[in-house]
$ cat query.cif   # mmCIF, N, CA and C atoms
data_data
#
loop_
_atom_site.label_atom_id
_atom_site.label_comp_id
_atom_site.auth_asym_id
_atom_site.auth_seq_id
_atom_site.Cartn_x
_atom_site.Cartn_y
_atom_site.Cartn_z
N MET V 1375 128.60 -83.72 13.32
CA MET V 1375 127.34 -84.36 12.99
C MET V 1375 127.56 -85.86 12.91
N HIS V 1376 126.63 -86.62 13.50
CA HIS V 1376 126.65 -88.07 13.38
C HIS V 1376 125.22 -88.58 13.35
N ARG V 1377 125.07 -89.86 13.06
CA ARG V 1377 123.75 -90.48 12.99
C ARG V 1377 123.73 -91.71 13.89
N SER V 1378 122.53 -92.03 14.39
CA SER V 1378 122.37 -93.25 15.18
C SER V 1378 120.91 -93.70 15.09
N ARG V 1379 120.71 -94.96 15.46
CA ARG V 1379 119.35 -95.51 15.51
C ARG V 1379 119.32 -96.72 16.42
N LEU V 1380 118.15 -96.97 16.99
CA LEU V 1380 117.93 -98.21 17.72
C LEU V 1380 117.98 -99.32 16.68
N SER V 1381 118.87 -100.28 16.88
CA SER V 1381 119.03 -101.31 15.85
C SER V 1381 118.73 -102.72 16.33
N THR V 1382 118.93 -102.99 17.62
CA THR V 1382 118.89 -104.37 18.07
C THR V 1382 118.26 -104.48 19.45
N TRP V 1383 117.43 -105.49 19.60
CA TRP V 1383 116.89 -105.85 20.90
C TRP V 1383 117.48 -107.21 21.22
N LEU V 1384 118.16 -107.32 22.36
CA LEU V 1384 118.79 -108.57 22.76
C LEU V 1384 118.12 -109.16 23.98
N ILE V 1385 117.89 -110.45 23.91
CA ILE V 1385 117.35 -111.21 25.02
C ILE V 1385 118.55 -111.91 25.65
N ASP V 1386 119.04 -111.35 26.75
CA ASP V 1386 120.21 -111.91 27.43
C ASP V 1386 119.77 -113.06 28.32
N VAL V 1387 120.43 -114.20 28.15
CA VAL V 1387 120.03 -115.43 28.83
C VAL V 1387 121.29 -116.09 29.40
N PRO V 1388 121.23 -116.63 30.62
CA PRO V 1388 122.38 -117.36 31.12
C PRO V 1388 122.83 -118.43 30.11
N ARG V 1389 124.13 -118.52 29.94
CA ARG V 1389 124.74 -119.39 28.92
C ARG V 1389 124.13 -120.79 28.88
N ALA V 1390 123.89 -121.39 30.05
CA ALA V 1390 123.36 -122.76 30.11
C ALA V 1390 121.96 -122.88 29.53
N ASP V 1391 121.22 -121.78 29.48
CA ASP V 1391 119.84 -121.80 29.00
C ASP V 1391 119.67 -121.21 27.60
N ALA V 1392 120.76 -120.78 26.97
CA ALA V 1392 120.67 -120.02 25.72
C ALA V 1392 120.05 -120.82 24.58
N ASP V 1393 120.44 -122.07 24.39
CA ASP V 1393 119.88 -122.86 23.29
C ASP V 1393 118.37 -123.06 23.47
N ARG V 1394 117.97 -123.38 24.69
CA ARG V 1394 116.55 -123.58 24.98
C ARG V 1394 115.77 -122.29 24.78
N ALA V 1395 116.34 -121.18 25.21
CA ALA V 1395 115.67 -119.88 25.05
C ALA V 1395 115.56 -119.51 23.57
N ALA V 1396 116.62 -119.74 22.80
CA ALA V 1396 116.57 -119.42 21.37
C ALA V 1396 115.49 -120.25 20.67
N THR V 1397 115.39 -121.52 21.02
CA THR V 1397 114.35 -122.38 20.44
C THR V 1397 112.97 -121.87 20.83
N PHE V 1398 112.79 -121.51 22.09
CA PHE V 1398 111.50 -120.98 22.54
C PHE V 1398 111.13 -119.74 21.75
N TRP V 1399 112.02 -118.74 21.69
CA TRP V 1399 111.69 -117.48 21.02
C TRP V 1399 111.48 -117.67 19.53
N SER V 1400 112.24 -118.56 18.93
CA SER V 1400 112.07 -118.85 17.51
C SER V 1400 110.67 -119.40 17.25
N ARG V 1401 110.26 -120.36 18.05
CA ARG V 1401 108.94 -120.97 17.87
C ARG V 1401 107.82 -120.02 18.29
N ALA V 1402 108.04 -119.27 19.35
CA ALA V 1402 107.00 -118.34 19.82
C ALA V 1402 106.72 -117.25 18.79
N LEU V 1403 107.76 -116.81 18.09
CA LEU V 1403 107.62 -115.72 17.13
C LEU V 1403 107.48 -116.19 15.69
N GLY V 1404 107.65 -117.49 15.46
CA GLY V 1404 107.49 -118.04 14.12
C GLY V 1404 108.58 -117.63 13.16
N VAL V 1405 109.80 -117.51 13.66
CA VAL V 1405 110.94 -117.12 12.83
C VAL V 1405 112.07 -118.13 13.05
N PRO V 1406 113.01 -118.20 12.10
CA PRO V 1406 114.12 -119.12 12.28
C PRO V 1406 115.09 -118.63 13.36
N ALA V 1407 115.80 -119.57 13.95
CA ALA V 1407 116.89 -119.26 14.88
C ALA V 1407 118.19 -119.54 14.14
N ARG V 1408 119.03 -118.53 13.99
CA ARG V 1408 120.28 -118.67 13.25
C ARG V 1408 121.45 -118.41 14.18
N PRO V 1409 122.16 -119.48 14.57
CA PRO V 1409 123.31 -119.30 15.46
C PRO V 1409 124.38 -118.43 14.79
N GLY V 1410 125.05 -117.62 15.61
CA GLY V 1410 126.11 -116.77 15.09
C GLY V 1410 127.32 -117.58 14.68
N THR V 1411 128.02 -117.13 13.68
CA THR V 1411 129.23 -117.82 13.25
C THR V 1411 130.47 -117.11 13.80
N ASP V 1412 130.55 -115.80 13.62
CA ASP V 1412 131.70 -115.05 14.12
C ASP V 1412 131.60 -114.81 15.62
N GLU V 1413 130.38 -114.67 16.11
CA GLU V 1413 130.14 -114.42 17.54
C GLU V 1413 129.12 -115.45 18.03
N PRO V 1414 129.62 -116.62 18.46
CA PRO V 1414 128.72 -117.75 18.77
C PRO V 1414 127.79 -117.52 19.95
N GLN V 1415 128.00 -116.47 20.73
CA GLN V 1415 127.09 -116.22 21.85
C GLN V 1415 125.75 -115.66 21.40
N PHE V 1416 125.64 -115.27 20.12
CA PHE V 1416 124.41 -114.70 19.58
C PHE V 1416 123.67 -115.71 18.71
N THR V 1417 122.35 -115.78 18.89
CA THR V 1417 121.48 -116.52 17.98
C THR V 1417 120.46 -115.53 17.45
N SER V 1418 120.53 -115.24 16.15
CA SER V 1418 119.64 -114.27 15.53
C SER V 1418 118.25 -114.86 15.33
N LEU V 1419 117.26 -113.98 15.38
CA LEU V 1419 115.87 -114.34 15.11
C LEU V 1419 115.37 -113.42 14.01
N PRO V 1420 115.88 -113.63 12.77
CA PRO V 1420 115.57 -112.70 11.68
C PRO V 1420 114.09 -112.69 11.32
N GLY V 1421 113.61 -111.48 11.05
CA GLY V 1421 112.23 -111.31 10.63
C GLY V 1421 111.25 -111.08 11.77
N ALA V 1422 111.70 -111.14 13.01
CA ALA V 1422 110.79 -110.99 14.14
C ALA V 1422 110.35 -109.54 14.33
N LEU V 1423 111.23 -108.59 14.06
CA LEU V 1423 110.93 -107.17 14.25
C LEU V 1423 111.31 -106.41 12.98
N PRO V 1424 110.37 -105.80 12.31
CA PRO V 1424 110.69 -105.07 11.07
C PRO V 1424 111.75 -103.99 11.32
N ASP V 1425 112.78 -104.00 10.49
CA ASP V 1425 113.87 -103.02 10.53
C ASP V 1425 114.71 -103.05 11.79
N LEU V 1426 114.50 -104.04 12.66
CA LEU V 1426 115.32 -104.23 13.85
C LEU V 1426 115.86 -105.64 13.88
N SER V 1427 116.98 -105.83 14.54
CA SER V 1427 117.50 -107.17 14.78
C SER V 1427 117.04 -107.64 16.15
N LEU V 1428 116.68 -108.89 16.25
CA LEU V 1428 116.35 -109.52 17.52
C LEU V 1428 117.24 -110.73 17.65
N ALA V 1429 117.85 -110.90 18.83
CA ALA V 1429 118.74 -112.04 19.02
C ALA V 1429 118.72 -112.46 20.48
N VAL V 1430 119.03 -113.73 20.70
CA VAL V 1430 119.28 -114.26 22.03
C VAL V 1430 120.78 -114.21 22.22
N GLN V 1431 121.22 -113.69 23.37
CA GLN V 1431 122.64 -113.61 23.67
C GLN V 1431 122.93 -114.42 24.93
N ALA V 1432 123.87 -115.36 24.83
CA ALA V 1432 124.31 -116.12 25.99
C ALA V 1432 125.23 -115.24 26.83
N VAL V 1433 124.90 -115.10 28.12
CA VAL V 1433 125.69 -114.24 29.00
C VAL V 1433 126.04 -114.99 30.28
N ASP V 1434 127.05 -114.51 30.95
CA ASP V 1434 127.43 -115.05 32.26
C ASP V 1434 126.87 -114.13 33.33
N ASP V 1435 125.56 -113.95 33.31
CA ASP V 1435 124.89 -113.01 34.20
C ASP V 1435 123.41 -113.39 34.28
N ALA V 1436 122.64 -112.57 34.93
CA ALA V 1436 121.20 -112.82 35.08
C ALA V 1436 120.46 -112.54 33.78
N PRO V 1437 119.29 -113.15 33.59
CA PRO V 1437 118.49 -112.86 32.40
C PRO V 1437 117.99 -111.42 32.43
N ARG V 1438 117.95 -110.83 31.24
CA ARG V 1438 117.49 -109.44 31.09
C ARG V 1438 117.32 -109.16 29.61
N TYR V 1439 116.85 -107.99 29.28
CA TYR V 1439 116.82 -107.49 27.91
C TYR V 1439 117.75 -106.30 27.84
N HIS V 1440 118.36 -106.08 26.68
CA HIS V 1440 119.08 -104.82 26.49
C HIS V 1440 118.99 -104.40 25.03
N LEU V 1441 119.23 -103.13 24.79
CA LEU V 1441 119.12 -102.55 23.45
C LEU V 1441 120.48 -102.14 22.94
N ASP V 1442 120.63 -102.20 21.62
CA ASP V 1442 121.82 -101.68 20.95
C ASP V 1442 121.43 -100.49 20.11
N ILE V 1443 122.25 -99.45 20.17
CA ILE V 1443 122.11 -98.29 19.30
C ILE V 1443 123.30 -98.30 18.37
N GLU V 1444 123.05 -98.39 17.07
CA GLU V 1444 124.15 -98.37 16.11
C GLU V 1444 124.39 -96.95 15.64
N THR V 1445 125.64 -96.66 15.32
CA THR V 1445 126.01 -95.30 14.97
C THR V 1445 127.17 -95.28 13.98
N ASP V 1446 127.29 -94.17 13.28
CA ASP V 1446 128.43 -93.98 12.40
C ASP V 1446 129.56 -93.23 13.11
N ASP V 1447 129.41 -92.94 14.42
CA ASP V 1447 130.46 -92.29 15.20
C ASP V 1447 130.33 -92.72 16.66
N LEU V 1448 131.08 -93.77 17.05
CA LEU V 1448 130.98 -94.32 18.41
C LEU V 1448 131.27 -93.28 19.48
N ASP V 1449 132.32 -92.50 19.30
CA ASP V 1449 132.69 -91.52 20.32
C ASP V 1449 131.60 -90.47 20.49
N ALA V 1450 131.09 -89.93 19.39
CA ALA V 1450 130.07 -88.88 19.47
C ALA V 1450 128.78 -89.42 20.08
N GLU V 1451 128.34 -90.59 19.68
CA GLU V 1451 127.09 -91.13 20.22
C GLU V 1451 127.24 -91.49 21.69
N THR V 1452 128.38 -92.06 22.07
CA THR V 1452 128.61 -92.37 23.48
C THR V 1452 128.59 -91.09 24.30
N ALA V 1453 129.28 -90.05 23.83
CA ALA V 1453 129.29 -88.77 24.55
C ALA V 1453 127.89 -88.18 24.64
N ARG V 1454 127.10 -88.29 23.59
CA ARG V 1454 125.74 -87.77 23.59
C ARG V 1454 124.91 -88.45 24.67
N LEU V 1455 124.99 -89.78 24.74
CA LEU V 1455 124.21 -90.53 25.71
C LEU V 1455 124.70 -90.30 27.13
N ILE V 1456 125.99 -90.17 27.32
CA ILE V 1456 126.52 -89.83 28.65
C ILE V 1456 126.02 -88.45 29.06
N GLY V 1457 125.98 -87.54 28.12
CA GLY V 1457 125.44 -86.21 28.40
C GLY V 1457 123.98 -86.24 28.82
N LEU V 1458 123.26 -87.28 28.41
CA LEU V 1458 121.85 -87.44 28.79
C LEU V 1458 121.68 -88.18 30.11
N GLY V 1459 122.80 -88.63 30.69
CA GLY V 1459 122.73 -89.28 31.99
C GLY V 1459 123.19 -90.72 32.05
N ALA V 1460 123.55 -91.32 30.92
CA ALA V 1460 124.07 -92.69 30.93
C ALA V 1460 125.49 -92.69 31.50
N VAL V 1461 125.93 -93.86 31.94
CA VAL V 1461 127.28 -94.04 32.47
C VAL V 1461 127.92 -95.19 31.71
N GLU V 1462 129.15 -94.99 31.22
CA GLU V 1462 129.85 -96.09 30.56
C GLU V 1462 130.35 -97.05 31.63
N VAL V 1463 130.01 -98.36 31.46
CA VAL V 1463 130.39 -99.35 32.46
C VAL V 1463 131.41 -100.35 31.95
N ASP V 1464 131.56 -100.46 30.62
CA ASP V 1464 132.52 -101.43 30.08
C ASP V 1464 132.64 -101.22 28.58
N ARG V 1465 133.57 -101.96 27.99
CA ARG V 1465 133.73 -102.02 26.54
C ARG V 1465 133.95 -103.47 26.15
N TRP V 1466 133.44 -103.82 24.98
CA TRP V 1466 133.64 -105.16 24.43
C TRP V 1466 133.84 -104.99 22.94
N LEU V 1467 135.00 -105.39 22.44
CA LEU V 1467 135.39 -105.15 21.06
C LEU V 1467 135.21 -103.65 20.78
N ASP V 1468 134.46 -103.29 19.74
CA ASP V 1468 134.22 -101.88 19.44
C ASP V 1468 132.96 -101.34 20.12
N CYS V 1469 132.33 -102.13 20.95
CA CYS V 1469 131.06 -101.73 21.57
C CYS V 1469 131.31 -101.03 22.89
N ARG V 1470 130.49 -100.03 23.16
CA ARG V 1470 130.52 -99.31 24.44
C ARG V 1470 129.28 -99.73 25.22
N ILE V 1471 129.48 -100.24 26.42
CA ILE V 1471 128.38 -100.70 27.24
C ILE V 1471 128.05 -99.60 28.25
N LEU V 1472 126.80 -99.16 28.22
CA LEU V 1472 126.35 -98.07 29.07
C LEU V 1472 125.22 -98.54 29.98
N ARG V 1473 125.07 -97.83 31.10
CA ARG V 1473 123.91 -98.04 31.97
C ARG V 1473 123.12 -96.74 31.93
N ALA V 1474 121.88 -96.84 31.50
CA ALA V 1474 121.00 -95.68 31.40
C ALA V 1474 120.42 -95.34 32.77
N PRO V 1475 119.95 -94.11 32.94
CA PRO V 1475 119.23 -93.80 34.17
C PRO V 1475 118.08 -94.81 34.33
N GLY V 1476 117.93 -95.36 35.50
CA GLY V 1476 116.95 -96.42 35.74
C GLY V 1476 117.61 -97.78 35.80
N GLY V 1477 118.88 -97.87 35.37
CA GLY V 1477 119.64 -99.11 35.52
C GLY V 1477 119.72 -100.02 34.32
N HIS V 1478 119.02 -99.73 33.22
CA HIS V 1478 119.03 -100.61 32.06
C HIS V 1478 120.34 -100.50 31.28
N LEU V 1479 120.79 -101.64 30.77
CA LEU V 1479 121.98 -101.66 29.92
C LEU V 1479 121.62 -101.35 28.48
N LEU V 1480 122.55 -100.71 27.81
CA LEU V 1480 122.45 -100.53 26.37
C LEU V 1480 123.86 -100.50 25.83
N CYS V 1481 124.00 -100.84 24.57
CA CYS V 1481 125.31 -100.81 23.92
C CYS V 1481 125.28 -99.84 22.76
N VAL V 1482 126.38 -99.13 22.60
CA VAL V 1482 126.58 -98.30 21.41
C VAL V 1482 127.51 -99.11 20.53
N ILE V 1483 127.04 -99.42 19.31
CA ILE V 1483 127.78 -100.33 18.44
C ILE V 1483 128.04 -99.68 17.08
N PRO V 1484 129.08 -100.16 16.39
CA PRO V 1484 129.33 -99.64 15.03
C PRO V 1484 128.21 -100.08 14.08
N LEU V 1485 128.11 -99.40 12.97
CA LEU V 1485 127.12 -99.76 11.95
C LEU V 1485 127.21 -101.24 11.61
N HIS V 1486 126.05 -101.87 11.53
CA HIS V 1486 126.02 -103.28 11.11
C HIS V 1486 124.81 -103.59 10.25
N SER V 1487 123.85 -102.69 10.20
CA SER V 1487 122.66 -102.97 9.41
C SER V 1487 122.88 -102.59 7.94
N ASP V 1488 121.92 -102.94 7.15
CA ASP V 1488 121.93 -102.57 5.74
C ASP V 1488 122.06 -101.05 5.63
N PRO V 1489 122.96 -100.55 4.79
CA PRO V 1489 123.15 -99.10 4.68
C PRO V 1489 121.88 -98.32 4.32
N GLU V 1490 121.00 -98.91 3.50
CA GLU V 1490 119.75 -98.23 3.14
C GLU V 1490 118.84 -98.12 4.35
N VAL V 1491 118.77 -99.18 5.14
CA VAL V 1491 117.94 -99.16 6.34
C VAL V 1491 118.47 -98.11 7.31
N PHE V 1492 119.79 -98.10 7.51
CA PHE V 1492 120.38 -97.12 8.41
C PHE V 1492 120.09 -95.70 7.94
N ALA V 1493 120.32 -95.44 6.67
CA ALA V 1493 120.10 -94.09 6.12
C ALA V 1493 118.64 -93.66 6.28
N ARG V 1494 117.72 -94.59 6.11
CA ARG V 1494 116.29 -94.28 6.19
C ARG V 1494 115.82 -94.05 7.62
N LEU V 1495 116.41 -94.76 8.60
CA LEU V 1495 115.88 -94.74 9.95
C LEU V 1495 116.72 -93.98 10.97
N ALA V 1496 117.94 -93.67 10.64
CA ALA V 1496 118.82 -93.02 11.61
C ALA V 1496 118.42 -91.56 11.85
N THR V 1497 118.64 -91.11 13.05
CA THR V 1497 118.47 -89.71 13.42
C THR V 1497 119.82 -89.02 13.24
N VAL V 1498 119.79 -87.82 12.70
CA VAL V 1498 121.00 -87.02 12.53
C VAL V 1498 121.13 -86.12 13.75
N TRP V 1499 122.30 -86.19 14.40
CA TRP V 1499 122.59 -85.40 15.59
C TRP V 1499 123.66 -84.37 15.26
N GLU V 1500 123.45 -83.16 15.70
CA GLU V 1500 124.44 -82.11 15.42
C GLU V 1500 125.08 -81.63 16.69
#
$ encode --input "query.cif" --output "structure tokens"
Amino acid sequence: MHRSRLSTWLIDVPRADADRAATFWSRALGVPARPGTDEPQFTSLPGALPDLSLAVQAVDDAPRYHLDIETDDLDAETARLIGLGAVEVDRWLDCRILRAPGGHLLCVIPLHSDPEVFARLATVWE
């Protein structure tokens, strides 16, 4: 048994445009832009989506959106999603990068949200 939930929506932006994009989204949504300290490629936009994280991520690739699913068991959640048709394409730190049917990227990530929020919103998988 494990739990998971949609936790993060990321706006992936080419590195050269990341600061401008973060400023745009911050002003467009009326929320602060908080640059990451441990992971400087991320700029958080706290408060934009209730119970979800929204961030701009500087990438060395084309602009796109991607979702993160947080879980208390990376192996089990990755296997579950692969069983549904996703394909693992890479890993970064503890994150598993998958491509869903249709071509969209998503990441399976370790728990990072408030434990109460996770407990309240996560789905239990058996």
$ residues_around --input "query.cif" --residues "Ala1395 in chain V" --least-positions-apart "6" --cutoff "8 Å" --atoms "all atoms listed in the file" --output "ChimeraX atom specification"
/V:1387,1401,1430
$ residues_around --input "query.cif" --residues "Thr1397 in chain V" --least-positions-apart "5" --cutoff "10 Å" --atoms "only C-alpha atoms" --output "MDAnalysis selection string"
chainID V and resid 1392 1402 1405:1407 1417 1419 1430
$ write_last_selection --input "query.cif" --atoms "N, CA and C atoms" --output "short mmCIF file (atom, residue, chain, number, x, y, z; two decimals), keeping the file's coordinate frame"
data_model
loop_
_atom_site.label_atom_id
_atom_site.label_comp_id
_atom_site.auth_asym_id
_atom_site.auth_seq_id
_atom_site.Cartn_x
_atom_site.Cartn_y
_atom_site.Cartn_z
N ALA V 1392 120.76 -120.78 26.97
CA ALA V 1392 120.67 -120.02 25.72
C ALA V 1392 120.05 -120.82 24.58
N ALA V 1402 108.04 -119.27 19.35
CA ALA V 1402 107.00 -118.34 19.82
C ALA V 1402 106.72 -117.25 18.79
N VAL V 1405 109.80 -117.51 13.66
CA VAL V 1405 110.94 -117.12 12.83
C VAL V 1405 112.07 -118.13 13.05
N PRO V 1406 113.01 -118.20 12.10
CA PRO V 1406 114.12 -119.12 12.28
C PRO V 1406 115.09 -118.63 13.36
N ALA V 1407 115.80 -119.57 13.95
CA ALA V 1407 116.89 -119.26 14.88
C ALA V 1407 118.19 -119.54 14.14
N THR V 1417 122.35 -115.78 18.89
CA THR V 1417 121.48 -116.52 17.98
C THR V 1417 120.46 -115.53 17.45
N LEU V 1419 117.26 -113.98 15.38
CA LEU V 1419 115.87 -114.34 15.11
C LEU V 1419 115.37 -113.42 14.01
N VAL V 1430 119.03 -113.73 20.70
CA VAL V 1430 119.28 -114.26 22.03
C VAL V 1430 120.78 -114.21 22.22
#
$ closest_atom_pairs --input "query.cif" --of "range 1396-1464 of chain V" --to "range 1375-1383 of chain V" --cutoff "6 Å" --atoms "all atoms listed in the file" --output "CSV"
residue,atom,partner,partner_atom,distance
V:Leu1426,CA,V:Ser1381,C,4.5
V:Ser1427,N,V:Ser1381,C,4.0
V:Leu1428,CA,V:Trp1383,C,4.5
V:Ala1429,N,V:Trp1383,C,4.4
V:His1440,C,V:Trp1383,CA,4.9
V:Leu1441,CA,V:Thr1382,C,4.5
V:Asp1442,N,V:Thr1382,C,3.9
V:Ile1443,CA,V:Arg1379,C,4.3
V:Glu1444,N,V:Arg1379,C,4.1
V:Thr1445,CA,V:Ser1378,CA,4.2
V:Asp1446,N,V:Arg1377,C,4.4
V:Asp1447,N,V:Arg1377,N,5.5
$ residues_around --input "query.cif" --residues "Gln1415 in chain V" --least-positions-apart "6" --cutoff "9 Å" --atoms "only C-alpha atoms" --output "PyMOL selection string"
chain V and resi 1389+1392+1409+1430-1433
$ write_last_selection --input "query.cif" --atoms "N, CA and C atoms" --output "PDB file, in the frame of the given file"
ATOM      1  N   ARG V1389     124.130-118.520  29.940  1.00  0.00           N
ATOM      2  CA  ARG V1389     124.740-119.390  28.920  1.00  0.00           C
ATOM      3  C   ARG V1389     124.130-120.790  28.880  1.00  0.00           C
ATOM      4  N   ALA V1392     120.760-120.780  26.970  1.00  0.00           N
ATOM      5  CA  ALA V1392     120.670-120.020  25.720  1.00  0.00           C
ATOM      6  C   ALA V1392     120.050-120.820  24.580  1.00  0.00           C
ATOM      7  N   PRO V1409     122.160-119.480  14.570  1.00  0.00           N
ATOM      8  CA  PRO V1409     123.310-119.300  15.460  1.00  0.00           C
ATOM      9  C   PRO V1409     124.380-118.430  14.790  1.00  0.00           C
ATOM     10  N   VAL V1430     119.030-113.730  20.700  1.00  0.00           N
ATOM     11  CA  VAL V1430     119.280-114.260  22.030  1.00  0.00           C
ATOM     12  C   VAL V1430     120.780-114.210  22.220  1.00  0.00           C
ATOM     13  N   GLN V1431     121.220-113.690  23.370  1.00  0.00           N
ATOM     14  CA  GLN V1431     122.640-113.610  23.670  1.00  0.00           C
ATOM     15  C   GLN V1431     122.930-114.420  24.930  1.00  0.00           C
ATOM     16  N   ALA V1432     123.870-115.360  24.830  1.00  0.00           N
ATOM     17  CA  ALA V1432     124.310-116.120  25.990  1.00  0.00           C
ATOM     18  C   ALA V1432     125.230-115.240  26.830  1.00  0.00           C
ATOM     19  N   VAL V1433     124.900-115.100  28.120  1.00  0.00           N
ATOM     20  CA  VAL V1433     125.690-114.240  29.000  1.00  0.00           C
ATOM     21  C   VAL V1433     126.040-114.990  30.280  1.00  0.00           C
TER      22      VAL V1433
END
$ atom_distance --input "query.cif" --atom1 "CA of His1486 in chain V" --atom2 "atom C of Asp1425 in chain V"
11.3 Å
$ closest_residue --input "query.cif" --among "V:Pro1475, V:Pro1489, V:Pro1420, V:Gly1459" --to "Ala1396 in chain V" --atoms "only C-alpha atoms"
V:Pro1420
$ select_by_dssp --input "query.cif" --residues "chain V" --states "strand (DSSP E)" --output "MDAnalysis selection string"
chainID V and resid 1376:1388 1408:1409 1416:1418 1427:1433 1438:1445 1461:1466 1469:1473 1479:1484 1497:1499
$ residues_around --input "query.cif" --residues "Cys1481 in chain V" --least-positions-apart "5" --cutoff "6 Å" --atoms "only C-alpha atoms" --output "VMD selection string"
chain V and resid 1442 1470 to 1472
$ axis_aligned_box --input "query.cif" --around "range 1420-1432 of chain V" --padding-each-side "8 Å" --output "AutoDock Vina command-line options"
--center_x 117.8 --center_y -109.6 --center_z 18.7 --size_x 30.9 --size_y 29.1 --size_z 32.3
$ atom_distance --input "query.cif" --atom1 "atom C of Leu1455 in chain V" --atom2 "atom N of Asp1412 in chain V"
29.4 Å
$ resolve_selection --input "query.cif" --expression "the PyMOL selection byres (((chain V and resi 1469 and name CA) around 9) and name CA)" --output "NGL selection string"
:V and (1448 or 1464-1468 or 1470-1471 or 1481-1484)
